[in-house]
There are 2 protein chains.
Amino acid sequence: MATIKDVALLANVSVATVSRVNNNSSKVSPEAKEAVLKAQQELNYHPNVTAKTIAHQNTESIGLIVADISDPYFGAMARAVDEEASKNKYSVLVNNGYHVAELEKKCLDEMIKLHCKAIIAHTLCIDDDTLASYMQNYPNIVLINRILKGFEDRCVALDDLNGAYLAVKHLISNGHKQIAYIKSTHNIPDSKNRYDGYLKALEEAKIPFEPALVVEEEPTAQGGEDGAQALLNSSKPFTAIACYNDMQAAGAMAILMDNDKKVPENISIIGFDNMFISRYLQPRLTTMLNPIKTMAITAVKIALATEEDNANYVHLFTPSLIKRFSVKDLNNF
Amino acid sequence: MATIKDVALLANVSVATVSRVNNNSSKVSPEAKEAVLKAQQELNYHPNVTAKTIAHQNTESIGLIVADISDPYFGAMARAVDEEASKNKYSVLVNNGYHVAELEKKCLDEMIKLHCKAIIAHTLCIDDDTLASYMQNYPNIVLINRILKGFEDRCVALDDLNGAYLAVKHLISNGHKQIAYIKSTHNIPDSKNRYDGYLKALEEAKIPFEPALVVEEEPTAQGGEDGAQALLNSSKPFTAIACYNDMQAAGAMAILMDNDKKVPENISIIGFDNMFISRYLQPRLTTMLNPIKTMAITAVKIALATEEDNANYVHLFTPSLIKRFSVKDLNNF
DNA sequence: GTGAAAGCGCTAACAA
DNA sequence: TTGTTAGCGCTTTCAC
């Protein structure tokens, strides 16, 4: 591939001049400029970004670490980051951590080695101490969906507990008392927090906790299928299921239908996240809106903010209820 | 940030030695190695990948250009590319072209400037000539879902025409004769090819083409909703709808339900792509499997293959029918 | 307005 | 087994 030297040679100028025309820095005579442009065209020259980066010590990429880019949830996150990054002329590097502590660490190292301008990390599995040391050493890391003690101003998170609490409260206010819950097996705070929200809502309504109504499954549609099946197999009756997320809800709904339990006539269901799929399930799923896009954009803004920049960013987002048709109101019967 | 020089200084060795321990190249005395490791630890040193790249003239990243990373279809593609890339120690850079010729070109330039080892491009809008010149100049570009004359061996594509043909044929063999089709408004070959597949199946079965049964909408759930609504509003009766993709099918199903048309009792529906959502619609959607993952992996392999490597890769993939429950067999009635 | 040259962080050939 | 040093492609002073 042609380099700046080739261009300089062909255009009969110095490399400095070539660099000048490409960066519009200081003045260059029209003739020189034209010669350079012509030479570049001829050689099909593309400046090497890597060399540029190394020369002026300042990268043009933003690193994003997600659990799994094929998950629409992270797809939405990636898109939002991409849009915000593009606005600032950065390109985006995506890595997958797959909810494995070791891989998450590898991703962080990778992005650090690349000297990314900013690193937006959805790394929930790596331990607090290790993560804290990364945060300490690299002020350009911003966490998404994880609040790390001492670095709260560089974290953007969803109030999972409150979200789940609101979801279950919605069921309760619709007259439900026997409410099942499908937990997530993922060993991340989100799992526990949402479950705690469920417990909190029960407690507040003085509904006794029933262990048989809680099952633990993967946060996937398959997990939802398994969970619903397990719930149906148990002897405990229930009128509603609150799910860890919309995927589980989708799976659960499919299984309920298969077993001639109509949603919401026989069993009500509420999801979490307001993923795209929730609008197209039958019936359309009532769920909690997870403002992932806003969160991602905020994370990029925080990461790119300069020291003096003291804008007030929101760091904790609360999900809001999206009422659709999967919850039956028991009060009117 | 600490550089190799700082490490060398602190460890009391030369930069060459530091480089050696980090690359496991040639032998280094245990003492020197230990000193270096200790110094690196102390300085929290991470080798600068950019500098490394520039020094040995060979990048460690693979560029992927998709239309929109938030679309699960491209999410699946990105994940597959990531997995294959990781196997070969490459990281993945994702850019969005949003089905806009100009942006696609910008993405290509970006990846070229970064000297990506391989570029997997889903760029359907940029014109043939421009794309051909890129392919000519950069032998590491592989196209996905586009067959460019003269570069067939660096293209991996889906046989859209045949896929749609098989889908509609399935409807026909189930006794359907009045088959509506929701086209995609996207100005990409996929749109035309799938539509041609529909026409071919009709023609083969000697079913007269009925313009009123074809509507053109966005390849999204919303498009499916609009399309189904338009079809219902027209006076022409139909027993089935073939959709450009699963998203449209999801939207169409929702609208049909809303209008008390049961699927498949009153109206049959067939999708395309076998996206995740298709399994969780009610009823579960019959559709055509789009082997996006295999295609993406193949693309990476082709891009990374060396000159001598003359493995025989599949370049054209045919979708296969996934029978579920959205198509009614009219023959038994 | 222009070019020579130093330097960015690292690798690798060469000498020692 | 080590260190010295010349690059890699580009930017950016500093003289002219």
# chains A, B, ... in the order shown; residues from 1 in each chain; ligands from 1
>>> calpha_fit_and_write(fixed="chain A", moving="chain B", output="tab-separated table (two decimals) with C-alpha atoms, in the first residue's frame")
chain	number	residue	atom	x	y	z
B	1	MET	CA	0.19	-0.03	0.15
B	2	ALA	CA	1.16	3.46	-0.70
B	3	THR	CA	2.53	5.57	2.12
B	4	ILE	CA	2.85	9.28	2.61
B	5	LYS	CA	6.36	9.09	1.24
B	6	ASP	CA	5.21	7.64	-2.05
B	7	VAL	CA	2.71	10.42	-2.36
B	8	ALA	CA	5.31	13.07	-1.53
B	9	LEU	CA	7.67	11.61	-4.07
B	10	LEU	CA	5.11	11.47	-6.82
B	11	ALA	CA	3.74	14.91	-6.06
B	12	ASN	CA	7.21	16.34	-5.79
B	13	VAL	CA	6.66	17.82	-2.36
B	14	SER	CA	7.71	16.89	1.15
B	15	VAL	CA	5.80	14.53	3.39
B	16	ALA	CA	4.98	17.50	5.58
B	17	THR	CA	3.09	19.11	2.74
B	18	VAL	CA	1.17	15.94	2.09
B	19	SER	CA	0.28	15.76	5.75
B	20	ARG	CA	-0.84	19.36	5.63
B	21	VAL	CA	-3.25	18.88	2.80
B	22	ASN	CA	-4.72	15.84	4.48
B	23	ASN	CA	-5.26	17.61	7.75
B	24	ASN	CA	-6.17	21.02	6.44
B	25	SER	CA	-3.62	22.38	8.82
B	26	SER	CA	-1.94	25.66	7.84
B	27	LYS	CA	-1.94	26.91	4.30
B	28	VAL	CA	-0.80	24.99	1.28
B	29	SER	CA	-0.49	26.47	-2.19
B	30	PRO	CA	-3.25	25.41	-4.56
B	31	GLU	CA	-0.72	23.88	-6.92
B	32	ALA	CA	0.88	21.78	-4.22
B	33	LYS	CA	-2.49	20.75	-2.97
B	34	GLU	CA	-3.62	19.68	-6.36
B	35	ALA	CA	-0.45	17.77	-7.03
B	36	VAL	CA	-0.84	15.93	-3.75
B	37	LEU	CA	-4.46	15.12	-4.33
B	38	LYS	CA	-3.70	13.85	-7.78
B	39	ALA	CA	-0.84	11.71	-6.54
B	40	GLN	CA	-3.01	10.26	-3.81
B	41	GLN	CA	-5.69	9.41	-6.28
B	42	GLU	CA	-3.23	7.78	-8.58
B	43	LEU	CA	-1.66	5.72	-5.82
B	44	ASN	CA	-4.99	5.00	-4.20
B	45	TYR	CA	-3.54	6.31	-1.01
B	46	HIS	CA	-5.32	6.00	2.33
B	47	PRO	CA	-3.56	7.51	5.33
B	48	ASN	CA	-2.67	4.87	7.88
B	49	VAL	CA	-4.76	5.58	10.94
B	50	THR	CA	-2.54	3.44	13.10
B	51	ALA	CA	0.50	5.52	12.31
B	52	LYS	CA	-1.48	8.67	12.81
B	53	THR	CA	-2.65	7.49	16.19
B	54	ILE	CA	0.80	6.65	17.31
B	55	ALA	CA	2.16	9.95	16.08
B	56	HIS	CA	-0.25	12.24	17.83
B	57	GLN	CA	-0.85	10.04	20.82
B	58	ASN	CA	-4.55	10.03	20.70
B	59	THR	CA	-6.81	7.32	19.44
B	60	GLU	CA	-9.92	7.66	17.41
B	61	SER	CA	-11.78	4.68	18.70
B	62	ILE	CA	-14.11	3.92	21.54
B	63	GLY	CA	-14.17	0.46	23.02
B	64	LEU	CA	-17.40	-1.23	23.99
B	65	ILE	CA	-17.50	-4.38	26.03
B	66	VAL	CA	-20.80	-6.22	26.07
B	67	ALA	CA	-21.76	-9.69	27.17
B	68	ASP	CA	-22.96	-10.89	23.79
B	69	ILE	CA	-23.48	-8.75	20.74
B	70	SER	CA	-26.04	-11.13	19.28
B	71	ASP	CA	-28.38	-10.34	22.15
B	72	PRO	CA	-30.73	-7.58	20.93
B	73	TYR	CA	-30.33	-5.83	24.26
B	74	PHE	CA	-26.64	-5.34	23.59
B	75	GLY	CA	-27.36	-4.67	19.96
B	76	ALA	CA	-29.37	-1.66	21.01
B	77	MET	CA	-26.57	-0.61	23.31
B	78	ALA	CA	-23.97	-0.95	20.58
B	79	ARG	CA	-26.02	1.04	18.15
B	80	ALA	CA	-26.48	3.88	20.63
B	81	VAL	CA	-22.78	3.93	21.41
B	82	ASP	CA	-22.02	3.92	17.70
B	83	GLU	CA	-24.26	6.87	17.04
B	84	GLU	CA	-22.84	8.91	19.87
B	85	ALA	CA	-19.30	7.94	18.94
B	86	SER	CA	-19.80	8.86	15.28
B	87	LYS	CA	-20.95	12.30	16.32
B	88	ASN	CA	-17.53	12.75	17.83
B	89	LYS	CA	-15.70	11.12	14.94
B	90	TYR	CA	-14.80	8.00	16.81
B	91	SER	CA	-15.19	4.49	15.55
B	92	VAL	CA	-16.34	1.67	17.78
B	93	LEU	CA	-14.56	-1.49	18.75
B	94	VAL	CA	-16.81	-4.19	20.17
B	95	ASN	CA	-15.71	-7.08	22.34
B	96	ASN	CA	-17.77	-9.83	23.95
B	97	GLY	CA	-17.23	-10.85	27.56
B	98	TYR	CA	-19.92	-13.52	27.60
B	99	HIS	CA	-20.49	-13.00	31.33
B	100	VAL	CA	-17.20	-14.69	32.13
B	101	ALA	CA	-14.90	-12.84	34.53
B	102	GLU	CA	-11.75	-13.92	32.78
B	103	LEU	CA	-12.97	-12.90	29.36
B	104	GLU	CA	-14.16	-9.57	30.68
B	105	LYS	CA	-10.67	-8.92	31.99
B	106	LYS	CA	-9.21	-9.90	28.64
B	107	CYS	CA	-11.53	-7.47	26.90
B	108	LEU	CA	-10.48	-4.65	29.20
B	109	ASP	CA	-6.82	-5.40	28.61
B	110	GLU	CA	-7.41	-5.48	24.91
B	111	MET	CA	-9.08	-2.08	24.87
B	112	ILE	CA	-6.43	-0.60	27.11
B	113	LYS	CA	-3.67	-1.88	24.90
B	114	LEU	CA	-5.41	-0.29	21.98
B	115	HIS	CA	-5.48	2.97	23.88
B	116	CYS	CA	-9.13	3.49	23.18
B	117	LYS	CA	-10.26	7.01	23.89
B	118	ALA	CA	-13.09	5.73	26.02
B	119	ILE	CA	-14.10	2.32	27.24
B	120	ILE	CA	-17.73	1.58	27.88
B	121	ALA	CA	-17.83	-1.62	29.85
B	122	HIS	CA	-20.74	-3.88	30.62
B	123	THR	CA	-18.65	-6.17	32.76
B	124	LEU	CA	-20.70	-7.63	35.57
B	125	CYS	CA	-18.67	-10.68	36.46
B	126	ILE	CA	-15.18	-9.43	37.08
B	127	ASP	CA	-14.67	-8.91	40.82
B	128	ASP	CA	-14.90	-5.55	42.55
B	129	ASP	CA	-11.26	-5.25	43.49
B	130	THR	CA	-9.88	-6.05	40.08
B	131	LEU	CA	-12.37	-3.75	38.43
B	132	ALA	CA	-11.60	-0.98	40.90
B	133	SER	CA	-7.93	-1.18	40.05
B	134	TYR	CA	-8.76	-0.81	36.37
B	135	MET	CA	-11.00	2.16	37.10
B	136	GLN	CA	-8.23	3.68	39.18
B	137	ASN	CA	-5.63	3.35	36.48
B	138	TYR	CA	-7.76	4.24	33.52
B	139	PRO	CA	-10.00	7.24	34.00
B	140	ASN	CA	-11.59	6.70	30.60
B	141	ILE	CA	-13.50	3.61	31.64
B	142	VAL	CA	-17.21	4.01	32.31
B	143	LEU	CA	-19.30	1.16	33.62
B	144	ILE	CA	-22.73	0.39	32.42
B	145	ASN	CA	-25.21	-1.43	34.63
B	146	ARG	CA	-22.84	-1.78	37.52
B	147	ILE	CA	-22.25	0.56	40.38
B	148	LEU	CA	-18.78	0.28	41.81
B	149	LYS	CA	-18.10	1.82	45.21
B	150	GLY	CA	-15.92	4.86	44.93
B	151	PHE	CA	-16.53	5.32	41.23
B	152	GLU	CA	-20.22	6.13	41.22
B	153	ASP	CA	-19.73	9.12	38.96
B	154	ARG	CA	-18.36	6.84	36.28
B	155	CYS	CA	-21.22	4.37	36.44
B	156	VAL	CA	-24.52	4.37	34.64
B	157	ALA	CA	-27.03	1.86	35.82
B	158	LEU	CA	-30.60	0.74	35.85
B	159	ASP	CA	-32.53	0.61	39.08
B	160	ASP	CA	-33.37	-3.07	38.71
B	161	LEU	CA	-34.77	-3.50	42.17
B	162	ASN	CA	-37.15	-0.63	41.78
B	163	GLY	CA	-38.12	-1.75	38.30
B	164	ALA	CA	-39.05	-5.25	39.39
B	165	TYR	CA	-40.79	-3.79	42.40
B	166	LEU	CA	-42.94	-1.62	40.14
B	167	ALA	CA	-43.68	-4.56	37.88
B	168	VAL	CA	-44.89	-6.79	40.68
B	169	LYS	CA	-46.73	-3.92	42.28
B	170	HIS	CA	-48.60	-3.54	39.02
B	171	LEU	CA	-49.70	-7.15	39.25
B	172	ILE	CA	-50.73	-6.68	42.85
B	173	SER	CA	-52.73	-3.57	42.14
B	174	ASN	CA	-54.52	-5.59	39.50
B	175	GLY	CA	-55.67	-7.95	42.22
B	176	HIS	CA	-53.05	-10.67	41.88
B	177	LYS	CA	-51.95	-12.37	45.08
B	178	GLN	CA	-50.44	-15.61	43.87
B	179	ILE	CA	-47.56	-14.33	41.87
B	180	ALA	CA	-44.86	-16.62	40.56
B	181	TYR	CA	-41.40	-15.36	39.68
B	182	ILE	CA	-38.85	-16.69	37.22
B	183	LYS	CA	-35.41	-15.72	38.44
B	184	SER	CA	-32.30	-15.53	36.31
B	185	THR	CA	-29.51	-18.01	36.86
B	186	HIS	CA	-26.91	-15.48	35.79
B	187	ASN	CA	-24.68	-14.65	38.66
B	188	ILE	CA	-24.86	-10.91	38.19
B	189	PRO	CA	-26.35	-8.22	40.43
B	190	ASP	CA	-29.26	-7.66	38.06
B	191	SER	CA	-30.57	-11.11	38.91
B	192	LYS	CA	-30.56	-10.53	42.63
B	193	ASN	CA	-31.80	-6.97	42.42
B	194	ARG	CA	-34.83	-7.79	40.33
B	195	TYR	CA	-35.65	-10.69	42.58
B	196	ASP	CA	-35.35	-8.42	45.60
B	197	GLY	CA	-37.78	-6.05	43.92
B	198	TYR	CA	-40.25	-8.90	43.66
B	199	LEU	CA	-39.81	-9.72	47.34
B	200	LYS	CA	-40.15	-6.11	48.35
B	201	ALA	CA	-43.44	-5.70	46.52
B	202	LEU	CA	-44.82	-8.87	48.11
B	203	GLU	CA	-43.75	-7.78	51.54
B	204	GLU	CA	-45.21	-4.34	51.17
B	205	ALA	CA	-48.54	-5.86	50.20
B	206	LYS	CA	-48.29	-8.34	53.03
B	207	ILE	CA	-48.45	-11.24	50.65
B	208	PRO	CA	-46.70	-14.22	52.21
B	209	PHE	CA	-43.68	-15.40	50.27
B	210	GLU	CA	-44.17	-18.81	48.69
B	211	PRO	CA	-40.91	-20.57	47.75
B	212	ALA	CA	-42.68	-22.99	45.43
B	213	LEU	CA	-43.65	-20.08	43.22
B	214	VAL	CA	-40.08	-19.11	42.46
B	215	VAL	CA	-38.07	-20.94	39.84
B	216	GLU	CA	-34.62	-20.13	38.57
B	217	GLU	CA	-33.81	-20.36	34.87
B	218	GLU	CA	-31.58	-18.95	32.17
B	219	PRO	CA	-32.58	-15.43	31.09
B	220	THR	CA	-33.57	-16.74	27.68
B	221	ALA	CA	-36.74	-17.81	25.98
B	222	GLN	CA	-35.77	-21.40	26.62
B	223	GLY	CA	-35.37	-20.54	30.28
B	224	GLY	CA	-38.84	-19.04	30.23
B	225	GLU	CA	-40.21	-22.22	28.73
B	226	ASP	CA	-38.56	-24.37	31.36
B	227	GLY	CA	-39.63	-22.04	34.13
B	228	ALA	CA	-43.26	-21.99	33.09
B	229	GLN	CA	-43.26	-25.73	32.73
B	230	ALA	CA	-41.82	-26.16	36.21
B	231	LEU	CA	-44.39	-23.80	37.62
B	232	LEU	CA	-47.22	-25.67	35.93
B	233	ASN	CA	-45.89	-28.96	37.23
B	234	SER	CA	-45.79	-27.75	40.81
B	235	SER	CA	-48.99	-28.00	42.73
B	236	LYS	CA	-49.12	-24.40	43.89
B	237	PRO	CA	-51.70	-22.32	42.04
B	238	PHE	CA	-50.81	-18.88	40.71
B	239	THR	CA	-52.55	-16.20	38.68
B	240	ALA	CA	-49.52	-14.35	37.37
B	241	ILE	CA	-45.85	-14.74	36.49
B	242	ALA	CA	-43.32	-11.97	36.76
B	243	CYS	CA	-40.26	-12.71	34.65
B	244	TYR	CA	-36.67	-11.64	34.88
B	245	ASN	CA	-36.84	-10.38	31.31
B	246	ASP	CA	-38.90	-10.33	28.13
B	247	MET	CA	-37.18	-13.34	26.67
B	248	GLN	CA	-38.26	-15.48	29.57
B	249	ALA	CA	-41.72	-14.02	29.23
B	250	ALA	CA	-41.82	-14.99	25.55
B	251	GLY	CA	-40.86	-18.55	26.37
B	252	ALA	CA	-43.27	-18.75	29.28
B	253	MET	CA	-46.13	-17.52	27.15
B	254	ALA	CA	-45.47	-20.12	24.52
B	255	ILE	CA	-45.56	-22.89	27.11
B	256	LEU	CA	-48.71	-21.57	28.73
B	257	MET	CA	-50.44	-21.51	25.35
B	258	ASP	CA	-49.25	-25.02	24.66
B	259	ASN	CA	-50.91	-26.05	27.91
B	260	ASP	CA	-54.17	-24.33	27.12
B	261	LYS	CA	-53.62	-21.62	29.65
B	262	LYS	CA	-54.69	-18.40	28.04
B	263	VAL	CA	-52.76	-15.21	28.65
B	264	PRO	CA	-54.07	-13.12	30.28
B	265	GLU	CA	-57.43	-14.81	30.83
B	266	ASN	CA	-56.01	-17.65	32.91
B	267	ILE	CA	-52.53	-16.43	33.70
B	268	SER	CA	-51.10	-12.92	33.56
B	269	ILE	CA	-47.50	-12.25	32.58
B	270	ILE	CA	-45.22	-9.30	32.97
B	271	GLY	CA	-41.79	-8.99	31.40
B	272	PHE	CA	-38.82	-6.69	31.84
B	273	ASP	CA	-36.73	-4.64	29.37
B	274	ASN	CA	-39.31	-3.81	26.71
B	275	MET	CA	-37.31	-5.57	24.09
B	276	PHE	CA	-38.56	-5.40	20.56
B	277	ILE	CA	-40.14	-8.81	20.80
B	278	SER	CA	-42.52	-7.76	23.56
B	279	ARG	CA	-44.62	-5.75	21.17
B	280	TYR	CA	-45.18	-8.67	18.89
B	281	LEU	CA	-46.04	-11.43	21.25
B	282	GLN	CA	-49.66	-12.46	21.40
B	283	PRO	CA	-51.03	-10.86	23.49
B	284	ARG	CA	-48.67	-7.91	23.43
B	285	LEU	CA	-46.57	-8.06	26.54
B	286	THR	CA	-46.85	-5.71	29.48
B	287	THR	CA	-43.32	-4.96	30.60
B	288	MET	CA	-40.87	-2.49	32.11
B	289	LEU	CA	-39.08	-0.08	29.82
B	290	ASN	CA	-35.30	-0.32	30.08
B	291	PRO	CA	-33.90	2.92	28.63
B	292	ILE	CA	-30.79	1.24	27.36
B	293	LYS	CA	-30.25	3.71	24.57
B	294	THR	CA	-30.25	6.75	26.84
B	295	MET	CA	-28.01	4.95	29.28
B	296	ALA	CA	-25.49	4.07	26.60
B	297	ILE	CA	-25.38	7.59	25.26
B	298	THR	CA	-24.91	8.96	28.75
B	299	ALA	CA	-22.08	6.54	29.34
B	300	VAL	CA	-20.27	7.74	26.23
B	301	LYS	CA	-20.79	11.36	27.20
B	302	ILE	CA	-19.37	10.77	30.64
B	303	ALA	CA	-16.41	8.90	29.24
B	304	LEU	CA	-15.65	11.65	26.76
B	305	ALA	CA	-16.24	14.52	29.15
B	306	THR	CA	-13.21	16.56	30.05
B	307	GLU	CA	-12.13	17.33	33.57
B	308	GLU	CA	-13.64	20.79	33.64
B	309	ASP	CA	-16.86	19.52	32.17
B	310	ASN	CA	-19.15	19.34	35.13
B	311	ALA	CA	-22.42	18.61	33.45
B	312	ASN	CA	-24.85	16.80	35.66
B	313	TYR	CA	-25.45	13.37	34.28
B	314	VAL	CA	-28.12	10.98	35.42
B	315	HIS	CA	-26.44	7.88	36.78
B	316	LEU	CA	-29.38	5.79	37.88
B	317	PHE	CA	-32.30	5.16	35.57
B	318	THR	CA	-35.65	3.86	36.69
B	319	PRO	CA	-37.64	1.61	34.37
B	320	SER	CA	-41.18	2.65	33.65
B	321	LEU	CA	-44.23	0.49	33.14
B	322	ILE	CA	-45.39	-0.23	29.60
B	323	LYS	CA	-48.96	-1.43	29.87
B	324	ARG	CA	-50.06	-3.74	27.13
B	325	PHE	CA	-52.31	-6.77	27.19
B	326	SER	CA	-50.72	-9.58	29.12
B	327	VAL	CA	-52.01	-8.62	32.55
B	328	LYS	CA	-55.62	-9.19	33.54
B	329	ASP	CA	-57.34	-6.95	36.06
B	330	LEU	CA	-58.77	-9.28	38.67
B	331	ASN	CA	-60.49	-6.51	40.59
B	332	ASN	CA	-63.46	-6.34	38.28
B	333	PHE	CA	-64.40	-9.94	38.78
>>> select_by_dssp(residues="region 106-236 of chain A", states="helix (DSSP H, G or I)", output="PyMOL selection string")
chain A and resi 106-113+128-137+152-154+160-173+189-204+211-213+221-233
>>> atom_distance(atom1="C1' of DC16 (chain D)", atom2="C1' of DG7 (chain C)")
21.3 Å
>>> interface_residues(of="chain D", to="chain A", cutoff="10 Å", atoms="only C-alpha atoms (C1' of nucleotides)", output="mmCIF file with N, CA and C atoms (P, O5', C5', C4', C3', O3' and C1' of nucleotides), in the first residue's frame")
data_model
loop_
_atom_site.group_PDB
_atom_site.id
_atom_site.type_symbol
_atom_site.label_atom_id
_atom_site.label_comp_id
_atom_site.auth_asym_id
_atom_site.auth_seq_id
_atom_site.Cartn_x
_atom_site.Cartn_y
_atom_site.Cartn_z
ATOM 1 P P DC D 8 10.834 1.843 6.727
ATOM 2 O "O5'" DC D 8 9.425 1.475 7.339
ATOM 3 C "C5'" DC D 8 9.045 0.163 7.727
ATOM 4 C "C4'" DC D 8 7.823 0.287 8.609
ATOM 5 C "C3'" DC D 8 6.952 1.481 8.227
ATOM 6 O "O3'" DC D 8 5.919 1.037 7.370
ATOM 7 C "C1'" DC D 8 7.258 1.273 10.628
ATOM 8 P P DG D 9 5.582 1.857 6.058
ATOM 9 O "O5'" DG D 9 4.682 3.042 6.609
ATOM 10 C "C5'" DG D 9 3.401 2.754 7.149
ATOM 11 C "C4'" DG D 9 2.796 4.025 7.685
ATOM 12 C "C3'" DG D 9 2.756 5.173 6.672
ATOM 13 O "O3'" DG D 9 1.477 5.762 6.743
ATOM 14 C "C1'" DG D 9 3.885 5.850 8.636
ATOM 15 P P DC D 10 1.123 7.075 5.981
ATOM 16 O "O5'" DC D 10 1.271 8.155 7.134
ATOM 17 C "C5'" DC D 10 0.354 8.139 8.217
ATOM 18 C "C4'" DC D 10 0.849 9.033 9.322
ATOM 19 C "C3'" DC D 10 0.842 10.516 9.009
ATOM 20 O "O3'" DC D 10 -0.293 11.108 9.639
ATOM 21 C "C1'" DC D 10 2.786 9.833 10.228
ATOM 22 P P DT D 11 -0.541 12.655 9.462
ATOM 23 O "O5'" DT D 11 0.290 13.267 10.678
ATOM 24 C "C5'" DT D 11 -0.097 12.943 12.003
ATOM 25 C "C4'" DT D 11 0.748 13.714 12.989
ATOM 26 C "C3'" DT D 11 0.620 15.233 12.898
ATOM 27 O "O3'" DT D 11 0.591 15.709 14.231
ATOM 28 C "C1'" DT D 11 2.885 14.616 12.682
ATOM 29 P P DT D 12 0.119 17.179 14.562
ATOM 30 O "O5'" DT D 12 1.482 17.904 14.948
ATOM 31 C "C5'" DT D 12 2.408 17.221 15.784
ATOM 32 C "C4'" DT D 12 3.705 17.986 15.791
ATOM 33 C "C3'" DT D 12 3.541 19.484 15.549
ATOM 34 O "O3'" DT D 12 4.442 20.159 16.407
ATOM 35 C "C1'" DT D 12 5.069 18.607 14.016
#
>>> atom_distance(atom1="C1' of DA12 (chain C)", atom2="C1' of DG3 (chain D)")
12.7 Å
>>> interface_residues(of="chain C", to="chain A", cutoff="12 Å", atoms="only C-alpha atoms (C1' of nucleotides)", output="list in words")
DG1, DT2, DG3, DA4, DA5, DA6, DG7, DC8, DG9 and DC10 of chain C
>>> select_by_dssp(residues="region 107-318 of chain B", states="strand (DSSP E)", output="ChimeraX atom specification")
/B:118-121,141-144,155-158,179-184,214-217,240-243,268-270,287-289,316-317
